[in-house]
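J.: Supplied in structure tokens, the structure appears directly below.
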Amino acid sequence: MPIAIGLEGSANKLGVGIIRHAPGKPAEILANIRHTFVSPPGEGFLPKDTAIHHRTWVVGLVKRALRESGVAIADVDCICYTKGPGMGAPLQSVAIAARTLALLWDKPLVGVNHCVGHIEMGREITGADNPVVLYVSGGNTQVIAYADQRYRIFGEALDIAIGNCLDRFARTLNISNDPAPGYNIEQMAKKGKHLIDIPYTVKGMDCSFSGILGFIDAYANDMLSGADKRDPETGERITPEDLCFSLQETAFAMLVEITERAMAHVGSSQVLIVGGVGCNERLQEMMGIMAAERGGSVYATDERFCIDNGIMIAHAGLLAFQTGFTTPIDESTCTQRFRTDEVLVKWRD
Amino acid sequence: MSRRPIDGTLLKQGAEAHVYKSTFLLPTVPSLMKVRPRKAYRHATLDLRLTKHRCVSEARLLNRCRTMGVPCPAVYFVDERNGEIIMEWIEGPSIRELLQRLIDGSPDRPSEAKEQSDGDVLSDPKVLQLMRQIGETIGKLHDIDIIHGDLTTSNLMLRKERRTTLEVDTSETENAEKNDEGIELLEGDYEVVLIDFGLGQVSVSDEDKAVDLYVLERAFISTHPKASGLFHTILEAYKQNSLGSGIVLRRLQEVRLRGRKKSMIG
Ligand SMILES: Nc1ncnc2c1ncn2[C@@H]1O[C@H](COP(=O)(O)OP(=O)(O)O)[C@@H](O)[C@H]1O
Ligand SMILES: [Mg+2]
């Protein structure tokens with residue numbers, strides 16, 4: 001039964017996972033650990049610092065994963081790593097680590113598309129068979145459906161990704177990056193109650209978040225510099241919590257709408273949410289209501305699998321490896337731009 | 001706010017609307033009623049704002065297209081309070097259904113025969129002519145400064161023959177549909193009809209028009225991967241038939257590049 005080790009480091013999370021595939025059974029997760037580079041409030045993570053973080057922690061994390069899994073090096077069949085998309089410097093640090101392991105242990109390498117990793121792990125964990133996928137993270141916002149051996153992109157954010165929009169808004173309000181800015185916005189949004197009128201931009205199955213970000217950033221800055229903002233109906237003061245609430249309600253409604261449009265277009269009633277923003281319970285709830293109205297259901301995973309991790313890279317890599325795919329060492333590069341639909345999905349029919 | 005009962009049969013649950021087939025004024029005039037039900041997933045205030053806006057804007061744009069000679073259903077009745085539109089019934093398949101039928105063939109055909117026929121069907125002059133007609137129709141739409149906002153092959157329909165508004169429909173449409181499903185539909189005269197204008201707007205901006213085409217391009221290629229080669233025929237016809245198309249198509253290049261250059265971290 002094949003075993004793979006997966007290394008992920010395309011953004012600020014470094015993850016190592018070990019997986020075993022047994023025919024006809026769910027994949028077995030032998031280890032799945034992560035170390036996150038957290039930047040101070042008001043700051044994003046820079047590629048250089050993130051790469052240093054990954055280089056510092058990767059050896060320790062691989063050792064710990066092996067220990068936790070109880071797998072002997074001899075039993076590992078391949079080393080999987082994230083080929084892209086992501087930030088250049090962090091991707092490269094992890095690719096070098098993967099190459100080193102491959103040479104050291106004399107194992108084949110498998111380069112994995114990060115987005116495909118998310119999708120395959122989501123399908124494996126939830127059992128969703130052929131869903132429309134909403135992939136939402138710091139760098140990506142895509143509505144995807146499978147056809148003819150590719151994950152095809154039906155819709156996407158035309159400018160910035162939803163996660164990026166949330167992260168940047170968190171910086172404006174000086175919200176902590178620990179454990180994640182999006183998580184803290186979600187907690188604050190729970191206390192918000194006034195919906196402010198925010199631009200809503202949907203174009204078919206595509207959407208746009210830069211208008212929202214510009215608007216709400218300006219609004220927040222006005223508030224921070226003392227402007228008296230009130231709800232027109234109740235006369236009550238608008239709070240930062242109200243801003244988080246309004247941002248979530250508006251942006252997530254857009255995401256659910258484009259997902260629903262894709263579901264109607266391809267005739268599917270299952271939806272799978274993957275990627276870091278997919279942990280958001282309000283987004284999951286909204287998607288669930290929409291899917292139920294279409295006679296279907298929503299599938300989502302918790303933070304172990306939603307947030308970038310090594311196990312998804314091991315899983316998708318092992319699926320490809322079992323179809324005979326490997327990445328020769330002199331081609332084991334990485335790439336900042338690597339579209340989901342570039343991957344030939346040979347393991348599905 | 002209580003809704004009056006809907007008189008008609010539910011056809012389908014579209015992306016956002018429920019559509020019912022009914023008749024208008026005379027039992028021989030088929031019509032389509034489009035209702036935008038409340039979306040429980042979104043905040044009630046936002047929901048009301050969107051639903052109302054889209055209903056009014058759809059009716060307005062349909063009227064504008066109609067007067068300017070762009071093929072689309074005629075509006076018979078609008079109830080913006082309930083978010084309902086009754087419009088002309090368009091008899092015919094959507095371009096999505098038609099392309100899927102052409103590509104997949106009939107379901108019982110053996111797969112080798114299917115593979116073989118793909119190439120033939122897609123290079124058929126009749127199919128290319130259909131693509132040209134799609135490009136031409138979108139060109140006309142942009143020439144009158146309307147952005148559709150949701151161009152997909154689901155929102156383009158094929159109508160066999162032009163029928164003036166309220167002309168009595170006597171044909172046995174159910175039967176006609178069953179006999180003519182595939183390439184036969186492309187013989188003789190037909191029209192490509194635009195539907196679903198809820199996300200539309202009036203705009204003279206080249207950027208807006210370019211994004212409109214980009215949205216169609218991606219939807220087309222992901223929905224009909226095997227027919228993706230046909231898309232450039234649509235653009236060619238658009239170029240030849242729309243006045244400002246030169247600038248719009250250059251802009252489209254930029255929109256595509258932006259999509260590809262976008263950083264994709266995480
Ligand atoms: N005027 C019409 N005549 C016949 N069928 C129509 C007409 N308008 C819409 N339809 C059918 O109903 C479906 C949904 O309508 P549409 O206006 O596209 O709403 P949605 O916004 O939900 O996609 C269309 O895909 C088409 O098949
Ligand atoms: Mg539609």
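Letters A, B, ... mark the chains of the structure tokens in the order given; residue numbers begin at 1 per chain; ligand numbers begin at 1, in order shown.
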Got a sec to pull out which chain B residues are within 9 Å of chain A, counting only C-alpha atoms, and send them as a ChimeraX atom specification?
T.: /B:13-16,39-43,45-46,50,96,148-154,199-200,211-212,215-216,218-223,225-226,255,258-266
J.: Got a sec: who's within 10 Å of stretch 21-36 of chain A, counting only C-alpha atoms, leaving out chain neighbours fewer than 3 positions off, as number ranges by chain?
T.: A: 1-9, 11-18, 39, 50, 53-54, 57-58, 61-62, 64-71, 121, 124-125, 127, 178-180, 304-305, 307-312, 314-315, 318-319, 322
J.: With N, CA and C atoms retained, export the selected residues as a compact mmCIF listing (two decimals), in the first residue's frame.
T.:
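Produced file part-v7.txt, reproduced below:
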```
# COMPACT_ATOMS: atom_id res chain seq x y z
N MET A 1 0.85 -1.20 0.00
CA MET A 1 0.00 0.00 0.00
C MET A 1 0.88 1.25 0.00
N PRO A 2 0.74 2.07 -1.04
CA PRO A 2 1.68 3.19 -1.21
C PRO A 2 1.54 4.26 -0.13
N ILE A 3 2.67 4.83 0.20
CA ILE A 3 2.74 5.90 1.21
C ILE A 3 3.45 7.10 0.59
N ALA A 4 2.93 8.29 0.84
CA ALA A 4 3.58 9.50 0.35
C ALA A 4 3.76 10.49 1.47
N ILE A 5 4.82 11.29 1.33
CA ILE A 5 5.01 12.40 2.24
C ILE A 5 4.81 13.68 1.42
N GLY A 6 4.10 14.64 2.00
CA GLY A 6 3.79 15.86 1.26
C GLY A 6 4.32 17.09 1.97
N LEU A 7 4.92 18.02 1.21
CA LEU A 7 5.46 19.25 1.76
C LEU A 7 4.77 20.45 1.13
N GLU A 8 4.21 21.30 1.97
CA GLU A 8 3.50 22.48 1.46
C GLU A 8 4.09 23.73 2.09
N GLY A 9 4.30 24.76 1.25
CA GLY A 9 4.79 26.03 1.80
C GLY A 9 4.59 27.18 0.83
N ALA A 11 2.47 29.64 0.93
CA ALA A 11 2.22 30.95 1.57
C ALA A 11 2.83 30.92 2.97
N ASN A 12 2.13 31.42 3.98
CA ASN A 12 2.78 31.53 5.29
C ASN A 12 2.66 30.30 6.17
N LYS A 13 2.05 29.21 5.63
CA LYS A 13 2.00 27.99 6.41
C LYS A 13 2.95 26.97 5.84
N LEU A 14 3.71 26.35 6.74
CA LEU A 14 4.55 25.23 6.32
C LEU A 14 3.87 23.97 6.83
N GLY A 15 3.60 23.03 5.94
CA GLY A 15 2.90 21.82 6.37
C GLY A 15 3.61 20.57 5.88
N VAL A 16 3.57 19.53 6.72
CA VAL A 16 4.10 18.24 6.32
C VAL A 16 3.05 17.18 6.64
N GLY A 17 2.76 16.33 5.67
CA GLY A 17 1.76 15.29 5.90
C GLY A 17 2.23 13.96 5.34
N ILE A 18 1.75 12.88 5.95
CA ILE A 18 2.08 11.54 5.46
C ILE A 18 0.77 10.77 5.30
N SER A 39 2.62 37.24 11.17
CA SER A 39 3.22 38.58 11.14
C SER A 39 2.50 39.49 12.14
N THR A 50 9.00 34.85 5.08
CA THR A 50 8.26 33.60 5.07
C THR A 50 9.18 32.45 4.64
N HIS A 53 11.33 31.51 7.46
CA HIS A 53 10.54 30.70 8.40
C HIS A 53 10.48 29.24 7.95
N HIS A 54 10.17 29.03 6.67
CA HIS A 54 10.02 27.66 6.16
C HIS A 54 11.35 26.90 6.24
N TRP A 57 12.12 25.75 9.78
CA TRP A 57 11.28 24.74 10.43
C TRP A 57 11.15 23.43 9.68
N VAL A 58 11.54 23.40 8.39
CA VAL A 58 11.16 22.24 7.58
C VAL A 58 11.78 20.93 8.07
N LEU A 61 10.04 19.67 11.18
CA LEU A 61 8.67 19.23 10.92
C LEU A 61 8.65 17.86 10.23
N VAL A 62 9.57 17.65 9.29
CA VAL A 62 9.63 16.35 8.60
C VAL A 62 9.97 15.25 9.60
N ARG A 64 9.44 15.24 12.81
CA ARG A 64 8.32 15.01 13.73
C ARG A 64 7.21 14.21 13.05
N ALA A 65 6.95 14.54 11.77
CA ALA A 65 5.89 13.84 11.04
C ALA A 65 6.23 12.36 10.92
N LEU A 66 7.50 12.06 10.62
CA LEU A 66 7.91 10.66 10.50
C LEU A 66 7.75 9.94 11.83
N ARG A 67 8.15 10.62 12.88
CA ARG A 67 8.06 10.01 14.21
C ARG A 67 6.60 9.73 14.56
N GLU A 68 5.76 10.74 14.37
CA GLU A 68 4.33 10.58 14.70
C GLU A 68 3.67 9.47 13.90
N SER A 69 4.07 9.33 12.64
CA SER A 69 3.40 8.37 11.77
C SER A 69 3.89 6.95 12.02
N GLY A 70 5.11 6.84 12.57
CA GLY A 70 5.70 5.52 12.76
C GLY A 70 6.11 4.87 11.45
N VAL A 71 6.18 5.66 10.38
CA VAL A 71 6.56 5.12 9.07
C VAL A 71 8.08 5.12 8.94
N MET A 121 -8.26 16.69 -1.55
CA MET A 121 -8.37 16.41 -0.13
C MET A 121 -9.81 16.62 0.33
N GLU A 124 -11.88 13.71 -0.72
CA GLU A 124 -11.56 12.52 0.05
C GLU A 124 -12.20 12.57 1.44
N ILE A 125 -12.07 13.71 2.10
CA ILE A 125 -12.56 13.83 3.48
C ILE A 125 -14.08 13.83 3.54
N GLY A 127 -16.29 12.96 1.05
CA GLY A 127 -16.99 11.97 0.25
C GLY A 127 -17.82 12.59 -0.87
N ASP A 178 -3.19 36.64 14.43
CA ASP A 178 -3.05 35.39 15.16
C ASP A 178 -4.43 34.90 15.62
N PRO A 179 -4.90 33.71 15.29
CA PRO A 179 -4.22 32.72 14.45
C PRO A 179 -4.29 33.07 12.97
N ALA A 180 -5.32 33.85 12.57
CA ALA A 180 -5.44 34.27 11.18
C ALA A 180 -6.37 35.46 11.15
N ARG A 304 -8.05 21.66 9.81
CA ARG A 304 -6.93 20.74 9.52
C ARG A 304 -6.72 20.56 8.02
N PHE A 305 -7.85 20.63 7.26
CA PHE A 305 -7.75 20.37 5.83
C PHE A 305 -8.01 21.60 4.96
N ILE A 307 -7.27 24.85 5.77
CA ILE A 307 -6.08 25.69 5.78
C ILE A 307 -4.94 24.89 5.15
N ASP A 308 -4.07 25.59 4.44
CA ASP A 308 -2.96 24.93 3.74
C ASP A 308 -2.29 23.89 4.64
N ASN A 309 -2.04 22.74 4.07
CA ASN A 309 -1.48 21.65 4.86
C ASN A 309 -0.67 20.71 3.98
N GLY A 310 0.11 19.86 4.61
CA GLY A 310 0.96 18.95 3.84
C GLY A 310 0.21 17.72 3.35
N ILE A 311 -0.83 17.34 4.08
CA ILE A 311 -1.50 16.08 3.76
C ILE A 311 -2.19 16.15 2.39
N MET A 312 -2.70 17.33 2.04
CA MET A 312 -3.39 17.44 0.76
C MET A 312 -2.40 17.31 -0.40
N ALA A 314 0.40 15.51 -0.16
CA ALA A 314 0.72 14.08 -0.18
C ALA A 314 -0.39 13.31 -0.90
N HIS A 315 -1.64 13.67 -0.61
CA HIS A 315 -2.78 12.94 -1.17
C HIS A 315 -2.87 13.11 -2.68
N LEU A 318 0.05 11.50 -4.41
CA LEU A 318 0.00 10.05 -4.46
C LEU A 318 -1.01 9.56 -5.51
N LEU A 319 -2.09 10.30 -5.68
CA LEU A 319 -3.06 9.95 -6.73
C LEU A 319 -2.37 10.00 -8.10
N GLN A 322 0.28 7.19 -8.56
CA GLN A 322 -0.27 5.88 -8.87
C GLN A 322 -0.72 5.74 -10.32
```
J.: Using only C-alpha atoms, which residues sit within 9 Å of A:Ala320 once same-chain residues fewer than 3 positions away are excluded, as a list in words?
T.: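 Non-adjacent residues within range: Val110, Val112, His315, Ala316, Gly317, Thr323, Gly324, Phe325, Thr326, Val345, Lys346 and Trp347 of chain A.
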J.: What's around stretch 51-54 of chain B at 9 Å? Count only C-alpha atoms, leave out sequence neighbours fewer than 4 positions away in its own chain, and write the answer as a ChimeraX atom specification.
T.: /B:36-38,46-47,58-59,80-83,197-200
J.: List as a list in words the protein and nucleic acid residues lying within 6 Å of ligand 1, with only C-alpha atoms and all ligand atoms counted.
T.: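 Based on only C-alpha atoms and all ligand atoms, ligand 1 is surrounded within 6 Å by Gly14, Ala15, Glu16, Ala17, Val19, Leu32, Pro73, Met87, Glu88, Trp89, Ile90, Glu91, Ser154, Asn155, Ile195 and Asp196 of chain B.
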J.: Where does DSSP see alpha helix (DSSP H) in stretch 134-343 of chain A, if you list the residues as a PyMOL selection string?
T.: chain A and resi 162-172+181-189+210-224+240-266+281-293+303-306+310-321
J.: Hey, can you check how far atom CA of A:Gly117 sits from atom CA of A:Tyr135?
T.: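 So the answer is 11.0 Å.
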J.: Quick one: residues within 10 Å of stretch 237-241 of chain B, only C-alpha atoms counted, chain neighbours fewer than 4 positions away excluded, as JSON, numbers by chain?
T.: {"B": [129, 131, 132, 133, 134, 135, 136, 137, 138, 139, 140, 142, 143, 213, 232, 233, 245, 246, 247, 248, 249]}
J.: If we count only C-alpha atoms, what is near A:Ala227 at a cut-off of 12 Å, once residues fewer than 4 positions away on the same chain are taken out, given as a PyMOL selection string?
T.: chain A and resi 218-223+237-239
J.: Got time to write the residues from that selection, N, CA, C and O atoms, as a PDB file, in the first residue's frame?
T.:
```pdb
ATOM      1  N   ALA A 218     -12.039  52.904   3.067  1.00  0.00           N
ATOM      2  CA  ALA A 218     -12.262  54.346   3.204  1.00  0.00           C
ATOM      3  C   ALA A 218     -13.210  54.617   4.368  1.00  0.00           C
ATOM      4  O   ALA A 218     -12.993  55.515   5.186  1.00  0.00           O
ATOM      5  N   TYR A 219     -14.247  53.791   4.462  1.00  0.00           N
ATOM      6  CA  TYR A 219     -15.245  53.918   5.526  1.00  0.00           C
ATOM      7  C   TYR A 219     -14.574  53.742   6.897  1.00  0.00           C
ATOM      8  O   TYR A 219     -14.794  54.527   7.818  1.00  0.00           O
ATOM      9  N   ALA A 220     -13.729  52.699   6.982  1.00  0.00           N
ATOM     10  CA  ALA A 220     -13.049  52.411   8.249  1.00  0.00           C
ATOM     11  C   ALA A 220     -12.095  53.542   8.610  1.00  0.00           C
ATOM     12  O   ALA A 220     -12.026  53.958   9.776  1.00  0.00           O
ATOM     13  N   ASN A 221     -11.380  54.062   7.611  1.00  0.00           N
ATOM     14  CA  ASN A 221     -10.451  55.154   7.878  1.00  0.00           C
ATOM     15  C   ASN A 221     -11.178  56.399   8.374  1.00  0.00           C
ATOM     16  O   ASN A 221     -10.708  57.073   9.288  1.00  0.00           O
ATOM     17  N   ASP A 222     -12.321  56.685   7.785  1.00  0.00           N
ATOM     18  CA  ASP A 222     -13.158  57.801   8.252  1.00  0.00           C
ATOM     19  C   ASP A 222     -13.507  57.608   9.721  1.00  0.00           C
ATOM     20  O   ASP A 222     -13.407  58.524  10.536  1.00  0.00           O
ATOM     21  N   MET A 223     -13.919  56.384  10.032  1.00  0.00           N
ATOM     22  CA  MET A 223     -14.322  56.076  11.398  1.00  0.00           C
ATOM     23  C   MET A 223     -13.154  56.237  12.357  1.00  0.00           C
ATOM     24  O   MET A 223     -13.289  56.800  13.438  1.00  0.00           O
ATOM     25  N   ARG A 237     -24.555  54.046  16.607  1.00  0.00           N
ATOM     26  CA  ARG A 237     -23.207  54.179  16.046  1.00  0.00           C
ATOM     27  C   ARG A 237     -22.780  52.911  15.333  1.00  0.00           C
ATOM     28  O   ARG A 237     -23.014  51.813  15.805  1.00  0.00           O
ATOM     29  N   ILE A 238     -22.131  53.084  14.182  1.00  0.00           N
ATOM     30  CA  ILE A 238     -21.559  51.933  13.465  1.00  0.00           C
ATOM     31  C   ILE A 238     -20.241  51.558  14.137  1.00  0.00           C
ATOM     32  O   ILE A 238     -19.398  52.407  14.403  1.00  0.00           O
ATOM     33  N   THR A 239     -20.091  50.286  14.434  1.00  0.00           N
ATOM     34  CA  THR A 239     -18.895  49.800  15.127  1.00  0.00           C
ATOM     35  C   THR A 239     -17.995  49.024  14.160  1.00  0.00           C
ATOM     36  O   THR A 239     -18.449  48.613  13.094  1.00  0.00           O
TER      37      THR A 239
END
```
J.: For a test of reading the model, state the distance in Å between atom CA of A:Lys229 and atom CA of A:Glu241, rounded to one decimal.
T.: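 Atom CA of A:Lys229 sits 13.1 Å away from atom CA of A:Glu241.
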J.: Where does DSSP see strand (DSSP E) in stretch 84-197 of chain A, if you list the residues as a list in words?
T.: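 Filtering stretch 84-197 of chain A down to strand (DSSP E) leaves Gly84, Leu109, Val110, Gly111, Val112, Asn113, Val132, Val133, Leu134, Tyr135, Val136, Thr141, Gln142, Val143, Ile144, Ala145, Tyr146, Ala147, Arg150, Tyr151, Arg152, Ile153, Phe154, Gly155 and Glu156 of chain A.
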J.: Write out, as a short mmCIF file (atom, residue, chain, number, x, y, z; two decimals), in the first residue's frame, the residues just selected, with N, CA, C and O atoms.
T.:
```
data_model
loop_
_atom_site.label_atom_id
_atom_site.label_comp_id
_atom_site.auth_asym_id
_atom_site.auth_seq_id
_atom_site.Cartn_x
_atom_site.Cartn_y
_atom_site.Cartn_z
N GLY A 84 3.24 24.94 -7.19
CA GLY A 84 2.65 26.27 -7.33
C GLY A 84 1.15 26.12 -7.31
O GLY A 84 0.66 25.00 -7.18
N LEU A 109 10.17 12.15 -6.99
CA LEU A 109 9.51 13.41 -6.61
C LEU A 109 8.20 13.56 -7.38
O LEU A 109 8.11 13.13 -8.53
N VAL A 110 7.22 14.18 -6.75
CA VAL A 110 5.97 14.48 -7.46
C VAL A 110 5.60 15.94 -7.18
O VAL A 110 5.34 16.32 -6.04
N GLY A 111 5.60 16.76 -8.21
CA GLY A 111 5.20 18.17 -8.07
C GLY A 111 3.68 18.27 -8.14
O GLY A 111 3.06 17.66 -9.00
N VAL A 112 3.09 19.03 -7.21
CA VAL A 112 1.62 19.05 -7.09
C VAL A 112 1.09 20.48 -7.24
O VAL A 112 1.70 21.43 -6.75
N ASN A 113 -0.01 20.61 -7.94
CA ASN A 113 -0.72 21.89 -8.00
C ASN A 113 -1.48 22.08 -6.69
O ASN A 113 -2.29 21.23 -6.29
N VAL A 132 -19.57 20.88 -7.48
CA VAL A 132 -19.01 22.17 -7.89
C VAL A 132 -18.16 22.61 -6.72
O VAL A 132 -18.55 22.45 -5.56
N VAL A 133 -16.96 23.11 -7.00
CA VAL A 133 -16.04 23.45 -5.92
C VAL A 133 -15.88 24.97 -5.83
O VAL A 133 -15.64 25.62 -6.85
N LEU A 134 -16.03 25.50 -4.63
CA LEU A 134 -15.65 26.89 -4.41
C LEU A 134 -14.33 26.87 -3.67
O LEU A 134 -14.23 26.34 -2.57
N TYR A 135 -13.32 27.42 -4.32
CA TYR A 135 -11.98 27.44 -3.74
C TYR A 135 -11.66 28.87 -3.32
O TYR A 135 -11.54 29.75 -4.16
N VAL A 136 -11.62 29.08 -2.01
CA VAL A 136 -11.45 30.44 -1.50
C VAL A 136 -10.30 30.51 -0.50
O VAL A 136 -10.33 29.85 0.53
N THR A 141 -9.76 32.73 -5.65
CA THR A 141 -11.21 32.67 -5.55
C THR A 141 -11.67 32.07 -6.86
O THR A 141 -11.60 32.72 -7.90
N GLN A 142 -12.04 30.81 -6.85
CA GLN A 142 -12.42 30.16 -8.10
C GLN A 142 -13.64 29.27 -7.89
O GLN A 142 -13.78 28.65 -6.84
N VAL A 143 -14.48 29.23 -8.91
CA VAL A 143 -15.58 28.28 -8.93
C VAL A 143 -15.21 27.25 -9.99
O VAL A 143 -14.98 27.58 -11.15
N ILE A 144 -15.15 25.99 -9.55
CA ILE A 144 -14.55 24.95 -10.38
C ILE A 144 -15.51 23.78 -10.54
O ILE A 144 -16.24 23.44 -9.61
N ALA A 145 -15.52 23.17 -11.72
CA ALA A 145 -16.23 21.91 -11.87
C ALA A 145 -15.39 20.99 -12.74
O ALA A 145 -14.63 21.44 -13.60
N TYR A 146 -15.51 19.71 -12.49
CA TYR A 146 -14.72 18.73 -13.21
C TYR A 146 -15.39 18.33 -14.51
O TYR A 146 -16.60 18.13 -14.56
N ALA A 147 -14.61 18.26 -15.58
CA ALA A 147 -15.11 17.70 -16.84
C ALA A 147 -13.93 17.24 -17.66
O ALA A 147 -12.90 17.94 -17.73
N ARG A 150 -10.15 17.40 -16.36
CA ARG A 150 -9.58 18.65 -15.85
C ARG A 150 -10.55 19.30 -14.88
O ARG A 150 -11.76 19.19 -15.04
N TYR A 151 -9.98 20.03 -13.92
CA TYR A 151 -10.79 20.89 -13.08
C TYR A 151 -10.91 22.22 -13.80
O TYR A 151 -9.94 22.95 -13.93
N ARG A 152 -12.11 22.49 -14.30
CA ARG A 152 -12.30 23.66 -15.15
C ARG A 152 -12.80 24.84 -14.32
O ARG A 152 -13.68 24.69 -13.47
N ILE A 153 -12.24 25.98 -14.62
CA ILE A 153 -12.59 27.19 -13.87
C ILE A 153 -13.77 27.85 -14.55
O ILE A 153 -13.67 28.33 -15.66
N PHE A 154 -14.92 27.85 -13.86
CA PHE A 154 -16.12 28.48 -14.42
C PHE A 154 -16.21 29.94 -14.04
O PHE A 154 -16.76 30.75 -14.78
N GLY A 155 -15.71 30.26 -12.87
CA GLY A 155 -15.78 31.65 -12.45
C GLY A 155 -14.64 31.94 -11.51
O GLY A 155 -14.05 31.03 -10.92
N GLU A 156 -14.30 33.23 -11.40
CA GLU A 156 -13.25 33.59 -10.45
C GLU A 156 -13.35 35.06 -10.10
O GLU A 156 -14.11 35.81 -10.73
#
```
